[in-house]
file final_38.cif (mmCIF, C-alpha atoms; chains and numbers go by the auth columns)
data_data
#
loop_
_atom_site.group_PDB
_atom_site.id
_atom_site.type_symbol
_atom_site.label_atom_id
_atom_site.label_comp_id
_atom_site.label_asym_id
_atom_site.label_seq_id
_atom_site.Cartn_x
_atom_site.Cartn_y
_atom_site.Cartn_z
_atom_site.B_iso_or_equiv
_atom_site.auth_seq_id
_atom_site.auth_asym_id
ATOM 1 C CA MET A 1 83.857 -67.071 -20.975 0.00 17 A
ATOM 2 C CA THR A 2 82.257 -63.673 -21.624 0.00 18 A
ATOM 3 C CA ASP A 3 80.543 -61.747 -18.859 0.00 19 A
ATOM 4 C CA THR A 4 76.999 -61.484 -20.203 0.00 20 A
ATOM 5 C CA SER A 5 76.015 -58.732 -17.767 0.00 21 A
ATOM 6 C CA THR A 6 78.829 -56.540 -19.113 0.00 22 A
ATOM 7 C CA ASP A 7 77.773 -57.343 -22.686 0.00 23 A
ATOM 8 C CA GLY A 8 74.174 -56.474 -21.832 0.00 24 A
ATOM 9 C CA GLN A 9 75.214 -53.205 -20.201 0.00 25 A
ATOM 10 C CA ARG A 10 77.330 -52.309 -23.215 0.00 26 A
ATOM 11 C CA GLU A 11 74.465 -53.046 -25.592 0.00 27 A
ATOM 12 C CA THR A 12 72.120 -50.918 -23.470 0.00 28 A
ATOM 13 C CA ALA A 13 74.621 -48.037 -23.518 0.00 29 A
ATOM 14 C CA VAL A 14 75.063 -48.280 -27.290 0.00 30 A
ATOM 15 C CA ARG A 15 71.296 -48.424 -27.819 0.00 31 A
ATOM 16 C CA LEU A 16 70.993 -45.257 -25.730 0.00 32 A
ATOM 17 C CA ALA A 17 73.690 -43.675 -27.925 0.00 33 A
ATOM 18 C CA ILE A 18 71.646 -44.607 -31.015 0.00 34 A
ATOM 19 C CA GLU A 19 68.579 -42.980 -29.501 0.00 35 A
ATOM 20 C CA GLN A 20 70.491 -39.832 -28.547 0.00 36 A
ATOM 21 C CA PHE A 21 71.962 -39.662 -32.043 0.00 37 A
ATOM 22 C CA TYR A 22 68.473 -39.909 -33.545 0.00 38 A
ATOM 23 C CA PHE A 23 66.954 -37.298 -31.228 0.00 39 A
ATOM 24 C CA GLY A 24 69.960 -35.003 -31.610 0.00 40 A
ATOM 25 C CA TYR A 25 69.795 -35.193 -35.402 0.00 41 A
ATOM 26 C CA ARG A 26 66.057 -34.522 -35.320 0.00 42 A
ATOM 27 C CA ALA A 27 66.640 -31.409 -33.192 0.00 43 A
ATOM 28 C CA PHE A 28 69.555 -30.357 -35.423 0.00 44 A
ATOM 29 C CA THR A 29 67.467 -30.556 -38.598 0.00 45 A
ATOM 30 C CA SER A 30 64.062 -29.389 -37.344 0.00 46 A
ATOM 31 C CA GLN A 31 64.493 -25.623 -37.916 0.00 47 A
ATOM 32 C CA PRO A 32 66.083 -25.962 -41.366 0.00 48 A
ATOM 33 C CA ASP A 33 63.426 -28.537 -42.304 0.00 49 A
ATOM 34 C CA ARG A 34 60.660 -26.045 -41.502 0.00 50 A
ATOM 35 C CA ILE A 35 62.329 -23.312 -43.557 0.00 51 A
ATOM 36 C CA LEU A 36 62.854 -25.719 -46.454 0.00 52 A
ATOM 37 C CA ALA A 37 59.278 -27.045 -46.284 0.00 53 A
ATOM 38 C CA GLN A 38 57.941 -23.497 -46.678 0.00 54 A
ATOM 39 C CA ARG A 39 59.757 -23.415 -50.033 0.00 55 A
ATOM 40 C CA GLY A 40 58.815 -26.952 -51.082 0.00 56 A
ATOM 41 C CA LEU A 41 62.405 -28.128 -50.563 0.00 57 A
ATOM 42 C CA GLY A 42 63.988 -30.846 -48.433 0.00 58 A
ATOM 43 C CA ARG A 43 67.210 -31.884 -46.711 0.00 59 A
ATOM 44 C CA VAL A 44 68.890 -32.934 -49.931 0.00 60 A
ATOM 45 C CA HIS A 45 68.527 -29.348 -51.148 0.00 61 A
ATOM 46 C CA HIS A 46 70.142 -28.091 -47.948 0.00 62 A
ATOM 47 C CA ARG A 47 73.075 -30.489 -48.363 0.00 63 A
ATOM 48 C CA ILE A 48 73.613 -29.277 -51.918 0.00 64 A
ATOM 49 C CA LEU A 49 73.384 -25.611 -50.887 0.00 65 A
ATOM 50 C CA TYR A 50 75.750 -26.193 -47.968 0.00 66 A
ATOM 51 C CA PHE A 51 78.517 -27.928 -49.895 0.00 67 A
ATOM 52 C CA VAL A 52 78.269 -25.671 -52.946 0.00 68 A
ATOM 53 C CA GLY A 53 78.390 -22.669 -50.611 0.00 69 A
ATOM 54 C CA ARG A 54 81.470 -24.023 -48.837 0.00 70 A
ATOM 55 C CA ASN A 55 83.182 -24.838 -52.150 0.00 71 A
ATOM 56 C CA PRO A 56 82.354 -22.218 -54.818 0.00 72 A
ATOM 57 C CA GLY A 57 83.312 -23.490 -58.261 0.00 73 A
ATOM 58 C CA LEU A 58 82.812 -27.087 -57.167 0.00 74 A
ATOM 59 C CA SER A 59 82.225 -29.366 -60.129 0.00 75 A
ATOM 60 C CA VAL A 60 79.149 -31.547 -60.385 0.00 76 A
ATOM 61 C CA ASN A 61 81.367 -34.640 -60.177 0.00 77 A
ATOM 62 C CA GLU A 62 83.068 -33.322 -57.023 0.00 78 A
ATOM 63 C CA LEU A 63 79.653 -32.737 -55.454 0.00 79 A
ATOM 64 C CA LEU A 64 78.609 -36.269 -56.373 0.00 80 A
ATOM 65 C CA THR A 65 81.706 -37.562 -54.589 0.00 81 A
ATOM 66 C CA ILE A 66 81.103 -35.463 -51.466 0.00 82 A
ATOM 67 C CA LEU A 67 77.442 -36.471 -51.214 0.00 83 A
ATOM 68 C CA GLU A 68 78.111 -40.067 -52.322 0.00 84 A
ATOM 69 C CA VAL A 69 75.062 -40.083 -54.597 0.00 85 A
ATOM 70 C CA THR A 70 74.475 -40.941 -58.235 0.00 86 A
ATOM 71 C CA LYS A 71 73.912 -38.420 -61.015 0.00 87 A
ATOM 72 C CA GLN A 72 70.305 -39.616 -61.155 0.00 88 A
ATOM 73 C CA ALA A 73 69.797 -38.896 -57.434 0.00 89 A
ATOM 74 C CA LEU A 74 71.286 -35.408 -57.782 0.00 90 A
ATOM 75 C CA ASN A 75 69.517 -34.474 -61.006 0.00 91 A
ATOM 76 C CA ALA A 76 66.031 -33.522 -59.750 0.00 92 A
ATOM 77 C CA PRO A 77 67.035 -31.527 -56.655 0.00 93 A
ATOM 78 C CA MET A 78 69.800 -29.739 -58.583 0.00 94 A
ATOM 79 C CA ARG A 79 67.378 -28.858 -61.370 0.00 95 A
ATOM 80 C CA GLN A 80 64.949 -27.430 -58.770 0.00 96 A
ATOM 81 C CA LEU A 81 67.680 -25.296 -57.211 0.00 97 A
ATOM 82 C CA VAL A 82 68.748 -23.988 -60.622 0.00 98 A
ATOM 83 C CA GLU A 83 65.135 -23.270 -61.646 0.00 99 A
ATOM 84 C CA ARG A 84 64.596 -21.343 -58.412 0.00 100 A
ATOM 85 C CA GLN A 85 67.780 -19.396 -59.105 0.00 101 A
ATOM 86 C CA LEU A 86 69.503 -20.615 -55.933 0.00 102 A
ATOM 87 C CA VAL A 87 72.385 -22.385 -57.723 0.00 103 A
ATOM 88 C CA ALA A 88 74.144 -21.315 -60.912 0.00 104 A
ATOM 89 C CA ILE A 89 75.900 -23.735 -63.242 0.00 105 A
ATOM 90 C CA THR A 90 78.735 -22.474 -65.420 0.00 106 A
ATOM 91 C CA THR A 91 81.281 -24.084 -67.695 0.00 107 A
ATOM 92 C CA ALA A 92 84.847 -24.267 -66.416 0.00 108 A
ATOM 93 C CA GLU A 93 87.339 -22.194 -68.383 0.00 109 A
ATOM 94 C CA ARG A 94 90.080 -24.816 -68.077 0.00 110 A
ATOM 95 C CA ASP A 95 87.841 -27.636 -69.394 0.00 111 A
ATOM 96 C CA ARG A 96 84.597 -26.858 -71.214 0.00 112 A
ATOM 97 C CA ARG A 97 83.241 -30.311 -70.292 0.00 113 A
ATOM 98 C CA VAL A 98 83.298 -29.502 -66.549 0.00 114 A
ATOM 99 C CA ARG A 99 80.196 -27.907 -65.053 0.00 115 A
ATOM 100 C CA GLN A 100 80.931 -25.743 -62.023 0.00 116 A
ATOM 101 C CA LEU A 101 78.468 -24.825 -59.309 0.00 117 A
ATOM 102 C CA ALA A 102 78.049 -21.662 -57.280 0.00 118 A
ATOM 103 C CA LEU A 103 75.336 -20.198 -55.119 0.00 119 A
ATOM 104 C CA THR A 104 73.429 -17.218 -56.447 0.00 120 A
ATOM 105 C CA PRO A 105 72.782 -14.304 -54.083 0.00 121 A
ATOM 106 C CA GLY A 106 69.414 -15.903 -53.226 0.00 122 A
ATOM 107 C CA GLY A 107 71.109 -19.254 -52.672 0.00 123 A
ATOM 108 C CA LYS A 108 73.687 -17.661 -50.383 0.00 124 A
ATOM 109 C CA LYS A 109 70.935 -16.012 -48.366 0.00 125 A
ATOM 110 C CA LEU A 110 68.947 -19.252 -47.994 0.00 126 A
ATOM 111 C CA GLU A 111 72.038 -21.312 -47.157 0.00 127 A
ATOM 112 C CA ALA A 112 73.081 -18.764 -44.518 0.00 128 A
ATOM 113 C CA GLN A 113 69.610 -18.884 -42.991 0.00 129 A
ATOM 114 C CA LEU A 114 69.498 -22.694 -42.925 0.00 130 A
ATOM 115 C CA THR A 115 73.026 -23.282 -41.700 0.00 131 A
ATOM 116 C CA GLY A 116 72.895 -20.260 -39.410 0.00 132 A
ATOM 117 C CA THR A 117 70.297 -21.965 -37.238 0.00 133 A
ATOM 118 C CA GLN A 118 72.567 -24.999 -36.953 0.00 134 A
ATOM 119 C CA LEU A 119 75.669 -22.910 -36.253 0.00 135 A
ATOM 120 C CA LYS A 120 73.924 -21.174 -33.359 0.00 136 A
ATOM 121 C CA GLN A 121 72.628 -24.467 -32.033 0.00 137 A
ATOM 122 C CA LEU A 122 76.011 -26.210 -32.112 0.00 138 A
ATOM 123 C CA GLN A 123 77.834 -23.192 -30.701 0.00 139 A
ATOM 124 C CA ALA A 124 75.443 -23.097 -27.733 0.00 140 A
ATOM 125 C CA VAL A 125 75.711 -26.839 -27.130 0.00 141 A
ATOM 126 C CA PHE A 126 79.517 -26.839 -27.374 0.00 142 A
ATOM 127 C CA GLU A 127 79.686 -23.899 -24.987 0.00 143 A
ATOM 128 C CA GLN A 128 77.493 -25.735 -22.466 0.00 144 A
ATOM 129 C CA ALA A 129 79.250 -29.094 -22.856 0.00 145 A
ATOM 130 C CA GLY A 130 82.802 -27.778 -22.642 0.00 146 A
ATOM 131 C CA GLU A 131 85.961 -28.171 -24.701 0.00 147 A
ATOM 132 C CA SER A 132 86.646 -31.802 -23.820 0.00 148 A
ATOM 133 C CA ALA A 133 83.097 -32.828 -24.767 0.00 149 A
ATOM 134 C CA GLU A 134 83.406 -30.905 -28.040 0.00 150 A
ATOM 135 C CA ALA A 135 86.712 -32.625 -28.826 0.00 151 A
ATOM 136 C CA GLY A 136 85.154 -36.002 -28.004 0.00 152 A
ATOM 137 C CA TRP A 137 82.183 -35.259 -30.237 0.00 153 A
ATOM 138 C CA PHE A 138 84.489 -34.415 -33.156 0.00 154 A
ATOM 139 C CA GLN A 139 86.448 -37.609 -32.590 0.00 155 A
ATOM 140 C CA VAL A 140 83.275 -39.726 -32.572 0.00 156 A
ATOM 141 C CA MET A 141 81.891 -38.016 -35.696 0.00 157 A
ATOM 142 C CA GLN A 142 85.186 -38.436 -37.578 0.00 158 A
ATOM 143 C CA LYS A 143 85.364 -42.113 -36.706 0.00 159 A
ATOM 144 C CA LEU A 144 81.699 -42.638 -37.537 0.00 160 A
ATOM 145 C CA SER A 145 82.124 -40.952 -40.944 0.00 161 A
ATOM 146 C CA GLY A 146 85.347 -42.826 -41.698 0.00 162 A
ATOM 147 C CA LYS A 147 87.116 -39.516 -42.303 0.00 163 A
ATOM 148 C CA ASP A 148 89.739 -39.758 -39.557 0.00 164 A
#

call {"tool": "encode", "arguments": {"input": "final_38.cif", "output": "structure tokens"}}
result
Amino acid sequence: MTDTSTDGQRETAVRLAIEQFYFGYRAFTSQPDRILAQRGLGRVHHRILYFVGRNPGLSVNELLTILEVTKQALNAPMRQLVERQLVAITTAERDRRVRQLALTPGGKKLEAQLTGTQLKQLQAVFEQAGESAEAGWFQVMQKLSGKD
């Protein structure tokens, strides 16, 4: 027989974790969201800028795999970033069918501004929480993402 009070306590704790995750993510994205909104851009644009910036020369197909989106979902935001001269698309020398992505100087500046706010925020939180909390956070995020 299962102890229902323990089950109820566990559910309450997990619900609190869900709430903290939501509020934490909202705080984590609020500054970049404001910067993006001023430019008529959204979170999807930030994700593209971030991963292209971390992986210069990334192919469109590799970006699709990282973001786990369809070509149709990527098309409009990518077109906007190219039109605004934040992302450049070139043809790979090794295979002319492969389109490679890189940030332009303006794209690098915007990505640094967006991600910079998040870097500062996480650095401050990790410093306050301590090394064991930081290690625990990484373990939870890896398990949650399925990338462990």

call {"tool": "axis_aligned_box", "arguments": {"input": "final_38.cif", "around": "region 123-140 of chain A", "padding_each_side": "5 Å", "output": "AutoDock Vina command-line options"}}
result
--center_x 73.4 --center_y -21.1 --center_z -40.2 --size_x 18.9 --size_y 20.2 --size_z 34.9

call {"tool": "closest_residue", "arguments": {"input": "final_38.cif", "among": "A:Leu130, A:Ser75, A:Gly58, A:Ala151", "to": "Leu97 (chain A)", "atoms": "all atoms listed in the file"}}
result
A:Gly58

call {"tool": "resolve_selection", "arguments": {"input": "final_38.cif", "expression": "the PyMOL selection byres ((chain A and resi 78-86) around 12)", "output": "MDAnalysis selection string"}}
result
chainID A and resid 60:77 87:94 114:118 161 163

call {"tool": "atom_distance", "arguments": {"input": "final_38.cif", "atom1": "CA of Gly40 (chain A)", "atom2": "CA of Ala53 (chain A)"}}
result
19.8 Å

call {"tool": "atom_distance", "arguments": {"input": "final_38.cif", "atom1": "CA of Lys124 (chain A)", "atom2": "CA of Leu102 (chain A)"}}
result
7.6 Å

call {"tool": "closest_residue", "arguments": {"input": "final_38.cif", "among": "A:Gly123, A:Ala128, A:Arg26, A:Met157", "to": "Glu99 (chain A)", "atoms": "all atoms listed in the file"}}
result
A:Gly123

call {"tool": "atom_distance", "arguments": {"input": "final_38.cif", "atom1": "CA of Phe154 (chain A)", "atom2": "CA of Gln47 (chain A)"}}
result
22.4 Å
